[in-house]
>>> print(open('model.cif').read())   # mmCIF, C-alpha atoms and all ligand atoms
data_start
loop_
_atom_site.label_atom_id
_atom_site.label_comp_id
_atom_site.auth_asym_id
_atom_site.auth_seq_id
_atom_site.Cartn_x
_atom_site.Cartn_y
_atom_site.Cartn_z
CA MET W 158 -18.11 -13.22 -17.87
CA LYS W 159 -15.36 -12.69 -20.43
CA CYS W 160 -11.87 -11.26 -19.90
CA ILE W 161 -11.73 -7.63 -21.01
CA LEU W 162 -8.28 -8.22 -22.55
CA CYS W 163 -8.55 -11.54 -24.42
CA SER W 164 -12.23 -12.62 -24.19
CA LYS W 165 -11.41 -15.93 -22.46
CA LYS W 166 -13.42 -17.05 -19.40
CA ALA W 167 -12.88 -14.47 -16.62
CA ILE W 168 -12.14 -15.42 -13.01
CA ILE W 169 -11.79 -12.10 -11.15
CA ASN W 170 -13.55 -8.74 -11.23
CA LEU W 171 -11.08 -5.89 -10.60
CA GLN W 172 -11.60 -2.15 -10.68
CA GLN W 173 -10.67 -2.09 -14.37
CA GLY W 174 -13.00 -5.05 -15.21
CA TRP W 175 -13.00 -8.86 -15.48
CA LEU W 176 -9.76 -10.79 -16.15
CA CYS W 177 -9.00 -14.42 -17.07
CA LYS W 178 -6.34 -16.51 -15.29
CA THR W 179 -3.48 -15.74 -17.72
CA CYS W 180 -4.20 -12.01 -17.91
CA PHE W 181 -4.60 -11.79 -14.12
CA LEU W 182 -1.22 -13.47 -13.44
CA ASP W 183 0.43 -11.18 -15.98
CA TYR W 184 -1.28 -8.08 -14.54
CA PHE W 185 -0.32 -9.01 -10.96
CA GLU W 186 3.35 -9.69 -11.68
CA LYS W 187 3.70 -6.59 -13.86
CA LYS W 188 2.18 -4.49 -11.08
CA VAL W 189 4.72 -5.79 -8.54
CA TYR W 190 7.71 -5.20 -10.83
CA ARG W 191 6.36 -1.78 -11.83
CA THR W 192 6.16 -0.82 -8.13
CA ILE W 193 9.76 -1.96 -7.63
CA ARG W 194 10.93 0.14 -10.60
CA LYS W 195 8.79 3.23 -9.97
CA PHE W 196 9.77 3.59 -6.30
CA LYS W 197 13.33 2.27 -6.85
CA LEU W 198 12.75 -0.38 -4.18
CA ILE W 199 15.55 -2.67 -5.29
CA ASP W 200 18.95 -1.78 -6.68
CA LYS W 201 21.03 -4.37 -8.55
CA LYS W 202 23.74 -4.02 -5.91
CA ASP W 203 21.41 -4.63 -2.96
CA LYS W 204 21.91 -7.65 -0.72
CA LEU W 205 18.36 -8.68 -0.01
CA CYS W 206 16.74 -10.14 3.06
CA VAL W 207 13.11 -11.14 2.50
CA ALA W 208 11.28 -11.14 5.83
CA CYS W 209 8.94 -14.13 5.72
CA SER W 210 6.22 -15.55 7.91
CA GLY W 211 5.29 -18.33 5.49
CA GLY W 212 1.88 -16.75 4.83
CA LYS W 213 0.52 -15.86 1.37
CA ASP W 214 1.98 -12.34 1.20
CA SER W 215 5.50 -13.27 2.19
CA LEU W 216 5.62 -16.32 -0.12
CA THR W 217 4.39 -14.23 -3.05
CA THR W 218 6.99 -11.57 -2.29
CA LEU W 219 9.73 -14.15 -1.88
CA TYR W 220 8.80 -15.87 -5.15
CA LEU W 221 8.72 -12.68 -7.26
CA VAL W 222 11.72 -10.97 -5.66
CA ASN W 223 13.78 -14.16 -5.86
CA LYS W 224 12.96 -14.37 -9.59
CA LEU W 225 14.25 -10.81 -10.05
CA ALA W 226 17.31 -11.38 -7.85
CA THR W 227 18.21 -14.52 -9.82
CA GLN W 228 17.98 -12.60 -13.11
CA GLN W 229 20.09 -9.78 -11.69
CA LYS W 230 22.51 -12.21 -9.99
CA GLN W 231 22.11 -10.60 -6.62
CA SER W 232 22.32 -12.17 -3.19
CA LEU W 233 19.09 -12.96 -1.35
CA PHE W 234 18.07 -14.91 1.71
CA ALA W 235 14.77 -15.45 3.52
CA LEU W 236 14.53 -14.57 7.19
CA ALA W 237 11.79 -15.92 9.44
CA ILE W 238 11.13 -14.95 13.02
CA ASN W 239 9.61 -17.71 15.11
CA GLU W 240 7.72 -15.82 17.81
CA GLY W 241 6.59 -19.05 19.43
CA ILE W 242 2.82 -19.05 18.83
CA LYS W 243 1.73 -22.63 19.44
CA GLY W 244 -0.37 -24.27 16.75
CA TYR W 245 0.18 -21.41 14.32
CA ARG W 246 3.72 -20.30 13.59
CA ASP W 247 5.04 -23.89 13.38
CA ILE W 248 2.53 -24.53 10.54
CA THR W 249 3.42 -21.39 8.54
CA LEU W 250 7.14 -22.08 9.05
CA ASN W 251 6.69 -25.56 7.59
CA SER W 252 5.19 -24.02 4.43
CA LEU W 253 8.14 -21.64 4.27
CA LYS W 254 10.75 -24.38 4.75
CA LEU W 255 9.17 -26.42 1.96
CA PHE W 256 8.96 -23.38 -0.34
CA CYS W 257 12.60 -22.43 0.24
CA LYS W 258 13.71 -26.02 -0.37
CA GLN W 259 11.74 -26.17 -3.64
CA HIS W 260 13.13 -22.84 -4.84
CA LYS W 261 16.66 -23.33 -3.45
CA ILE W 262 16.49 -20.23 -1.25
CA ASP W 263 18.71 -19.84 1.79
CA LEU W 264 16.44 -19.66 4.87
CA LYS W 265 17.46 -18.35 8.27
CA ILE W 266 15.16 -18.77 11.27
CA VAL W 267 15.59 -16.85 14.51
CA SER W 268 13.30 -17.28 17.52
CA PHE W 269 12.04 -15.12 20.38
CA LYS W 270 12.99 -18.02 22.65
CA SER W 271 16.66 -17.98 21.61
CA GLU W 272 16.96 -14.17 21.52
CA PHE W 273 14.74 -13.08 24.44
CA GLY W 274 14.64 -16.30 26.46
CA HIS W 275 10.87 -16.73 26.08
CA THR W 276 8.32 -17.54 23.39
CA LEU W 277 5.54 -15.03 22.69
CA ASP W 278 3.09 -17.39 24.42
CA GLU W 279 5.27 -17.26 27.56
CA LEU W 280 5.73 -13.49 27.32
CA ILE W 281 1.95 -12.96 27.16
CA LYS W 282 1.57 -14.86 30.43
CA LEU W 283 4.31 -12.71 32.01
CA VAL W 284 2.65 -9.50 30.75
CA LYS W 285 -0.66 -10.60 32.30
CA SER W 286 0.90 -11.69 35.61
CA LYS W 287 2.68 -8.32 35.93
CA ASP W 288 -0.35 -6.36 34.73
CA ILE W 289 1.69 -4.52 32.08
CA ASP W 290 -0.26 -2.31 29.68
CA ILE W 291 0.74 -3.64 26.26
CA THR W 292 -1.28 -5.61 23.71
CA THR W 293 -0.06 -8.93 22.37
CA CYS W 294 0.33 -7.58 18.84
CA SER W 295 2.25 -4.48 20.00
CA LEU W 296 4.63 -6.66 21.99
CA CYS W 297 5.02 -9.11 19.12
CA GLY W 298 5.56 -6.27 16.60
CA ILE W 299 8.19 -4.44 18.67
CA LEU W 300 10.23 -7.59 19.26
CA ARG W 301 9.85 -8.92 15.71
CA ARG W 302 10.86 -5.63 14.05
CA ARG W 303 13.95 -5.53 16.27
CA LEU W 304 15.02 -9.03 15.33
CA ILE W 305 14.42 -8.46 11.62
CA ASN W 306 16.58 -5.33 11.59
CA GLN W 307 19.29 -6.88 13.75
CA CYS W 308 19.42 -10.21 11.88
CA ALA W 309 19.26 -8.66 8.41
CA ARG W 310 22.34 -6.64 9.39
CA LYS W 311 24.08 -9.60 11.00
CA PHE W 312 23.58 -11.78 7.92
CA GLY W 313 24.91 -9.06 5.58
CA ALA W 314 21.77 -7.59 3.98
CA ASN W 315 21.41 -3.88 3.25
CA LYS W 316 17.69 -4.09 2.47
CA VAL W 317 14.72 -5.89 3.98
CA VAL W 318 11.86 -6.79 1.65
CA THR W 319 8.49 -7.33 3.33
CA GLY W 320 5.15 -8.71 2.15
CA HIS W 321 2.93 -5.83 3.28
CA ASN W 322 0.04 -5.44 0.86
CA LEU W 323 -2.39 -2.64 0.05
CA ASP W 324 -4.88 -3.74 2.71
CA ASP W 325 -2.17 -3.85 5.42
CA GLU W 326 -0.99 -0.38 4.49
CA ALA W 327 -4.51 1.13 4.34
CA GLN W 328 -5.19 -0.34 7.80
CA THR W 329 -1.93 1.00 9.23
CA ILE W 330 -2.55 4.48 7.83
CA LEU W 331 -5.97 4.61 9.51
CA MET W 332 -4.65 3.06 12.73
CA ASN W 333 -2.02 5.78 12.95
CA PHE W 334 -4.53 8.54 12.28
CA PHE W 335 -7.07 7.06 14.70
CA LYS W 336 -4.72 6.16 17.51
CA GLY W 337 -0.99 5.66 17.01
CA GLY W 338 -0.12 9.26 16.06
CA VAL W 339 0.44 10.90 12.72
CA GLU W 340 4.21 10.88 13.35
CA LEU W 341 4.15 7.10 12.97
CA ALA W 342 2.43 7.45 9.59
CA ALA W 343 5.57 9.22 8.32
CA ARG W 344 7.35 5.86 8.48
CA LEU W 345 4.95 4.27 5.99
CA GLY W 346 5.02 4.15 2.18
CA PRO W 347 6.57 1.68 -0.31
CA THR W 348 9.90 2.32 1.47
CA SER W 349 9.38 2.28 5.24
CA GLY W 350 11.21 4.23 7.86
CA ILE W 351 12.58 7.73 7.96
CA LEU W 352 16.00 6.88 9.27
CA LYS W 353 19.31 7.03 7.45
CA HIS W 354 21.77 5.28 9.73
CA ALA W 355 24.23 2.41 9.34
CA LYS W 356 22.34 0.43 11.97
CA PHE W 357 18.98 0.83 10.26
CA ILE W 358 18.23 -1.44 7.31
CA ALA W 359 15.72 0.09 4.86
CA ARG W 360 12.48 -1.87 4.41
CA VAL W 361 10.64 -2.04 1.09
CA LYS W 362 7.17 -3.33 0.11
CA PRO W 363 6.79 -4.62 -3.48
CA LEU W 364 3.12 -5.67 -2.86
CA TYR W 365 2.22 -2.08 -1.91
CA PHE W 366 -0.49 -1.82 -4.60
CA CYS W 367 -1.68 -5.45 -4.46
CA SER W 368 -4.87 -6.06 -2.51
CA GLU W 369 -5.51 -8.97 -0.15
CA LYS W 370 -8.01 -10.38 -2.67
CA GLU W 371 -5.49 -10.25 -5.54
CA THR W 372 -2.67 -11.83 -3.50
CA LYS W 373 -4.97 -14.63 -2.29
CA LEU W 374 -5.93 -15.43 -5.88
CA TYR W 375 -2.31 -15.25 -7.09
CA VAL W 376 -1.21 -17.79 -4.45
CA LYS W 377 -4.10 -20.13 -5.32
CA LEU W 378 -3.42 -19.96 -9.05
CA LYS W 379 0.31 -20.53 -8.49
CA LYS W 380 -0.60 -23.47 -6.19
CA PHE W 381 1.70 -22.32 -3.36
CA LYS W 382 1.11 -24.43 -0.25
CA VAL W 383 -0.09 -21.81 2.23
CA ASN W 384 -2.05 -21.89 5.47
CA PHE W 385 -4.72 -19.18 5.15
CA ARG W 386 -5.71 -19.29 8.82
CA PRO W 387 -4.77 -16.05 10.59
CA CYS W 388 -2.78 -15.84 13.81
CA PRO W 389 -5.04 -16.66 16.80
CA HIS W 390 -4.22 -13.28 18.38
CA ARG W 391 -5.32 -11.29 15.35
CA LYS W 392 -9.07 -11.45 15.94
CA ILE W 393 -8.87 -9.42 19.16
CA SER W 394 -6.46 -6.85 17.74
CA TYR W 395 -7.14 -3.21 16.88
CA ARG W 396 -5.96 -4.02 13.34
CA ALA W 397 -8.70 -6.63 12.89
CA PHE W 398 -11.29 -4.06 13.91
CA VAL W 399 -10.00 -1.54 11.37
CA ASP W 400 -9.75 -4.31 8.76
CA ASN W 401 -13.46 -5.18 9.22
CA LEU W 402 -14.39 -1.54 8.99
CA LEU W 403 -12.43 -1.07 5.77
CA ASN W 404 -13.91 -4.22 4.23
CA LYS W 405 -17.41 -2.89 4.93
CA PHE W 406 -16.47 0.39 3.24
CA GLU W 407 -14.89 -1.41 0.29
CA SER W 408 -17.92 -3.63 -0.31
CA LYS W 409 -20.21 -0.58 -0.39
CA TYR W 410 -17.80 1.92 -1.96
CA LYS W 411 -15.42 0.06 -4.30
CA GLY W 412 -11.94 1.56 -4.47
CA THR W 413 -11.91 2.93 -0.90
CA LYS W 414 -8.63 1.20 0.05
CA THR W 415 -6.84 2.28 -3.13
CA SER W 416 -8.09 5.79 -2.58
CA ILE W 417 -6.64 5.87 0.97
CA ILE W 418 -3.26 4.76 -0.37
CA LYS W 419 -3.21 7.17 -3.31
CA ASN W 420 -4.17 10.17 -1.19
CA PHE W 421 -1.75 9.17 1.54
CA LEU W 422 1.12 9.07 -0.98
CA ILE W 423 0.38 12.70 -1.84
CA ILE W 424 0.89 13.87 1.76
CA LEU W 425 3.67 11.39 2.64
CA PRO W 426 6.62 13.60 1.48
CA LEU W 427 5.34 16.38 3.78
CA LEU W 428 5.05 13.98 6.72
CA LYS W 429 8.56 12.62 6.11
CA GLU W 430 9.97 16.14 6.03
CA LYS W 431 8.13 17.23 9.17
CA PHE W 432 8.99 14.14 11.19
CA ALA W 433 12.58 13.52 10.06
CA VAL W 434 14.14 11.86 13.10
CA ASN W 435 17.77 11.56 12.10
CA LYS W 436 18.88 14.44 14.28
CA ASN W 437 17.21 13.05 17.41
CA ILE W 438 18.29 9.48 17.09
CA LYS W 439 20.46 7.90 19.79
CA GLU W 440 21.84 4.50 20.61
CA CYS W 441 20.09 2.70 23.47
CA LYS W 442 22.29 2.74 26.56
CA TYR W 443 21.59 -0.96 27.22
CA CYS W 444 21.63 -2.69 23.84
CA GLY W 445 23.16 -0.07 21.50
CA GLU W 446 20.27 -0.31 19.03
CA LEU W 447 18.70 2.86 17.62
CA SER W 448 16.17 4.68 19.74
CA LYS W 449 14.59 8.10 20.14
CA GLN W 450 14.85 7.74 23.92
CA GLU W 451 17.82 6.80 26.14
CA ILE W 452 16.36 3.31 26.48
CA CYS W 453 14.77 1.62 23.47
CA ALA W 454 11.27 0.14 23.42
CA VAL W 455 12.60 -3.43 23.49
CA CYS W 456 14.82 -2.89 26.54
CA LYS W 457 12.00 -1.00 28.27
CA ILE W 458 9.57 -3.86 27.89
CA LEU W 459 12.19 -6.48 28.82
CA GLU W 460 13.05 -4.41 31.89
CA GLN W 461 9.38 -4.25 32.88
CA LEU W 462 9.17 -7.99 32.48
CA ARG W 463 12.53 -8.31 34.30
CA ILE W 464 13.97 -10.71 31.77
CA ASN W 465 17.05 -8.89 30.51
FE1 LIG H 501 2.10 -11.21 16.21
FE2 LIG H 501 -0.35 -10.13 16.42
FE3 LIG H 501 0.67 -10.72 14.02
FE4 LIG H 501 -0.05 -12.68 15.70
S1 LIG H 501 -1.42 -11.16 14.76
S2 LIG H 501 1.84 -12.59 14.49
S3 LIG H 501 0.52 -11.79 17.67
S4 LIG H 501 1.46 -9.18 15.45
ZN ZN H 502 -7.49 -12.66 -20.62
ZN ZN H 503 17.81 -1.26 24.00
#
>>> encode(input="model.cif", output="structure tokens")
Amino acid sequence: MKCILCSKKAIINLQQGWLCKTCFLDYFEKKVYRTIRKFKLIDKKDKLCVACSGGKDSLTTLYLVNKLATQQKQSLFALAINEGIKGYRDITLNSLKLFCKQHKIDLKIVSFKSEFGHTLDELIKLVKSKDIDITTCSLCGILRRRLINQCARKFGANKVVTGHNLDDEAQTILMNFFKGGVELAARLGPTSGILKHAKFIARVKPLYFCSEKETKLYVKLKKFKVNFRPCPHRKISYRAFVDNLLNKFESKYKGTKTSIIKNFLIILPLLKEKFAVNKNIKECKYCGELSKQEICAVCKILEQLRIN
């Protein structure tokens, strides 16, 4: 197959046709920077915190956003949360440490163990022993999002950049429609969240229109050292189920994921308007973090586990 743009040997078949290595890299990077410009994800004055796991999406985001931040002379640091998942997170964090060293990026690592007194592995055992109704990924997500927001603020950032890609977003949209509640979907989009509050740091997603397949290829072509193995807890998650379903759709009906995203973006402004939460937001009576209830989700779960 030949590249539709330059006639060299093609390596990937995208919706618009086959592309060679050079044209693919150019197309991918232009798409990321176009997303940043179109949705005004990054302002020159922003102090950026790139939330990183050390996986392919976060390293790609870190690489491209750091390039932009260097050109624009703006401050940036990488933030990693070590949940404490034995045999997994230590490996991805090693890739991240190496990457940050090579690219001279300031890296801050915060752990569940230091902040909550327990690793995720230990918390899962506690959840089981107390028969608490929460999945591993929900627990991990609630605690990780808290630490990212809190630490980004503590280290002086006014914006968190995340590596969520098109596949992640399409999954989350469906998960919210299927189960989580449409109100949660209002928090999605290239800029996440519906809160405007000094304690809430806005989150942005430059890989919003980049698929899993494209990001995987980008990382391979750029020769980033990445562990492609997923988290051991992922396979039993609701997300993995939805992911499989979407992949089946995509292989039979090409463009399904993009179509979900494009149509979702049309209704997103209406959802944001309907579910604006600013007026209902409070500060948690235990930790002072933002919450819709008197006690935030983190304090609730820690209370149930009796570890606060
Ligand atoms: Fe956490 Fe689940 Fe993601 Fe693993 S797959 S890092 S447990 S949210
Ligand atoms: Zn080409
Ligand atoms: Zn709280």
>>> atom_distance(input="model.cif", atom1="CA of Lys197 in chain W", atom2="CA of Ala433 in chain W")
20.3 Å
>>> atom_distance(input="model.cif", atom1="CA of Thr227 in chain W", atom2="CA of Asp263 in chain W")
12.8 Å
>>> residues_near_point(input="model.cif", point="(6.3, -16.9, 25.9)", cutoff="12 Å", atoms="only C-alpha atoms", output="MDAnalysis selection string")
chainID W and resid 239:243 268:285 293 296:297 462 464
>>> closest_atom_pairs(input="model.cif", of="chain W", to="ligand ZN 502 (chain H)", cutoff="12 Å", atoms="all atoms listed in the file", output="JSON lines")
{"residue": "W:Met158", "atom": "CA", "partner": "H:ZN502", "partner_atom": "ZN", "distance": 11.0}
{"residue": "W:Lys159", "atom": "CA", "partner": "H:ZN502", "partner_atom": "ZN", "distance": 7.9}
{"residue": "W:Cys160", "atom": "CA", "partner": "H:ZN502", "partner_atom": "ZN", "distance": 4.7}
{"residue": "W:Ile161", "atom": "CA", "partner": "H:ZN502", "partner_atom": "ZN", "distance": 6.6}
{"residue": "W:Leu162", "atom": "CA", "partner": "H:ZN502", "partner_atom": "ZN", "distance": 4.9}
{"residue": "W:Cys163", "atom": "CA", "partner": "H:ZN502", "partner_atom": "ZN", "distance": 4.1}
{"residue": "W:Ser164", "atom": "CA", "partner": "H:ZN502", "partner_atom": "ZN", "distance": 5.9}
{"residue": "W:Lys165", "atom": "CA", "partner": "H:ZN502", "partner_atom": "ZN", "distance": 5.4}
{"residue": "W:Lys166", "atom": "CA", "partner": "H:ZN502", "partner_atom": "ZN", "distance": 7.5}
{"residue": "W:Ala167", "atom": "CA", "partner": "H:ZN502", "partner_atom": "ZN", "distance": 7.0}
{"residue": "W:Ile168", "atom": "CA", "partner": "H:ZN502", "partner_atom": "ZN", "distance": 9.3}
{"residue": "W:Ile169", "atom": "CA", "partner": "H:ZN502", "partner_atom": "ZN", "distance": 10.4}
{"residue": "W:Asn170", "atom": "CA", "partner": "H:ZN502", "partner_atom": "ZN", "distance": 11.8}
{"residue": "W:Gly174", "atom": "CA", "partner": "H:ZN502", "partner_atom": "ZN", "distance": 10.8}
{"residue": "W:Trp175", "atom": "CA", "partner": "H:ZN502", "partner_atom": "ZN", "distance": 8.4}
{"residue": "W:Leu176", "atom": "CA", "partner": "H:ZN502", "partner_atom": "ZN", "distance": 5.4}
{"residue": "W:Cys177", "atom": "CA", "partner": "H:ZN502", "partner_atom": "ZN", "distance": 4.2}
{"residue": "W:Lys178", "atom": "CA", "partner": "H:ZN502", "partner_atom": "ZN", "distance": 6.7}
{"residue": "W:Thr179", "atom": "CA", "partner": "H:ZN502", "partner_atom": "ZN", "distance": 5.8}
{"residue": "W:Cys180", "atom": "CA", "partner": "H:ZN502", "partner_atom": "ZN", "distance": 4.3}
{"residue": "W:Phe181", "atom": "CA", "partner": "H:ZN502", "partner_atom": "ZN", "distance": 7.2}
{"residue": "W:Leu182", "atom": "CA", "partner": "H:ZN502", "partner_atom": "ZN", "distance": 9.6}
{"residue": "W:Asp183", "atom": "CA", "partner": "H:ZN502", "partner_atom": "ZN", "distance": 9.3}
{"residue": "W:Tyr184", "atom": "CA", "partner": "H:ZN502", "partner_atom": "ZN", "distance": 9.8}
>>> write_last_selection(input="model.cif", atoms="C-alpha atoms", output="PDB file, keeping the file's coordinate frame")
ATOM      1  CA  MET W 158     -18.110 -13.220 -17.870  1.00  0.00           C
ATOM      2  CA  LYS W 159     -15.360 -12.690 -20.430  1.00  0.00           C
ATOM      3  CA  CYS W 160     -11.870 -11.260 -19.900  1.00  0.00           C
ATOM      4  CA  ILE W 161     -11.730  -7.630 -21.010  1.00  0.00           C
ATOM      5  CA  LEU W 162      -8.280  -8.220 -22.550  1.00  0.00           C
ATOM      6  CA  CYS W 163      -8.550 -11.540 -24.420  1.00  0.00           C
ATOM      7  CA  SER W 164     -12.230 -12.620 -24.190  1.00  0.00           C
ATOM      8  CA  LYS W 165     -11.410 -15.930 -22.460  1.00  0.00           C
ATOM      9  CA  LYS W 166     -13.420 -17.050 -19.400  1.00  0.00           C
ATOM     10  CA  ALA W 167     -12.880 -14.470 -16.620  1.00  0.00           C
ATOM     11  CA  ILE W 168     -12.140 -15.420 -13.010  1.00  0.00           C
ATOM     12  CA  ILE W 169     -11.790 -12.100 -11.150  1.00  0.00           C
ATOM     13  CA  ASN W 170     -13.550  -8.740 -11.230  1.00  0.00           C
ATOM     14  CA  GLY W 174     -13.000  -5.050 -15.210  1.00  0.00           C
ATOM     15  CA  TRP W 175     -13.000  -8.860 -15.480  1.00  0.00           C
ATOM     16  CA  LEU W 176      -9.760 -10.790 -16.150  1.00  0.00           C
ATOM     17  CA  CYS W 177      -9.000 -14.420 -17.070  1.00  0.00           C
ATOM     18  CA  LYS W 178      -6.340 -16.510 -15.290  1.00  0.00           C
ATOM     19  CA  THR W 179      -3.480 -15.740 -17.720  1.00  0.00           C
ATOM     20  CA  CYS W 180      -4.200 -12.010 -17.910  1.00  0.00           C
ATOM     21  CA  PHE W 181      -4.600 -11.790 -14.120  1.00  0.00           C
ATOM     22  CA  LEU W 182      -1.220 -13.470 -13.440  1.00  0.00           C
ATOM     23  CA  ASP W 183       0.430 -11.180 -15.980  1.00  0.00           C
ATOM     24  CA  TYR W 184      -1.280  -8.080 -14.540  1.00  0.00           C
TER      25      TYR W 184
END
>>> residues_near_ligand(input="model.cif", ligand="ligand ZN 503 (chain H)", cutoff="9 Å", atoms="only C-alpha atoms and all ligand atoms", output="PDB file with C-alpha atoms, in the frame of the given file")
ATOM      1  CA  GLU W 440      21.840   4.500  20.610  1.00  0.00           C
ATOM      2  CA  CYS W 441      20.090   2.700  23.470  1.00  0.00           C
ATOM      3  CA  LYS W 442      22.290   2.740  26.560  1.00  0.00           C
ATOM      4  CA  TYR W 443      21.590  -0.960  27.220  1.00  0.00           C
ATOM      5  CA  CYS W 444      21.630  -2.690  23.840  1.00  0.00           C
ATOM      6  CA  GLY W 445      23.160  -0.070  21.500  1.00  0.00           C
ATOM      7  CA  GLU W 446      20.270  -0.310  19.030  1.00  0.00           C
ATOM      8  CA  LEU W 447      18.700   2.860  17.620  1.00  0.00           C
ATOM      9  CA  SER W 448      16.170   4.680  19.740  1.00  0.00           C
ATOM     10  CA  GLU W 451      17.820   6.800  26.140  1.00  0.00           C
ATOM     11  CA  ILE W 452      16.360   3.310  26.480  1.00  0.00           C
ATOM     12  CA  CYS W 453      14.770   1.620  23.470  1.00  0.00           C
ATOM     13  CA  ALA W 454      11.270   0.140  23.420  1.00  0.00           C
ATOM     14  CA  VAL W 455      12.600  -3.430  23.490  1.00  0.00           C
ATOM     15  CA  CYS W 456      14.820  -2.890  26.540  1.00  0.00           C
ATOM     16  CA  LYS W 457      12.000  -1.000  28.270  1.00  0.00           C
TER      17      LYS W 457
END
>>> closest_residue(input="model.cif", among="W:Leu428, W:Ala359, W:Leu205, W:Ile238", to="ligand LIG 501 (chain H)", atoms="all atoms listed in the file")
W:Ile238
>>> closest_residue(input="model.cif", among="W:Lys380, W:Lys188, W:Arg396, W:Lys204", to="ligand LIG 501 (chain H)", atoms="all atoms listed in the file")
W:Arg396
>>> residues_near_ligand(input="model.cif", ligand="ligand LIG 501 (chain H)", cutoff="9 Å", atoms="all atoms listed in the file", output="NGL selection string")
:W and (210 or 240 or 242 or 245-246 or 277 or 292-299 or 301 or 387-394 or 396-397)
>>> residues_around(input="model.cif", residues="Thr348 in chain W", least_positions_apart="4", cutoff="8 Å", atoms="all atoms listed in the file", output="number ranges by chain")
W: 196, 198, 359-362
>>> atom_distance(input="model.cif", atom1="CA of Cys367 in chain W", atom2="CA of Val189 in chain W")
7.6 Å
>>> closest_residue(input="model.cif", among="W:Phe334, W:Tyr395, W:Phe185, W:Tyr190", to="Asn223 in chain W", atoms="all atoms listed in the file")
W:Tyr190
>>> residues_around(input="model.cif", residues="Cys209 in chain W", least_positions_apart="2", cutoff="7 Å", atoms="all atoms listed in the file", output="compact mmCIF listing (two decimals) with C-alpha atoms, in the coordinates of the input")
# COMPACT_ATOMS: atom_id res chain seq x y z
CA VAL W 207 13.11 -11.14 2.50
CA GLY W 211 5.29 -18.33 5.49
CA SER W 215 5.50 -13.27 2.19
CA ALA W 235 14.77 -15.45 3.52
CA LEU W 236 14.53 -14.57 7.19
CA ALA W 237 11.79 -15.92 9.44
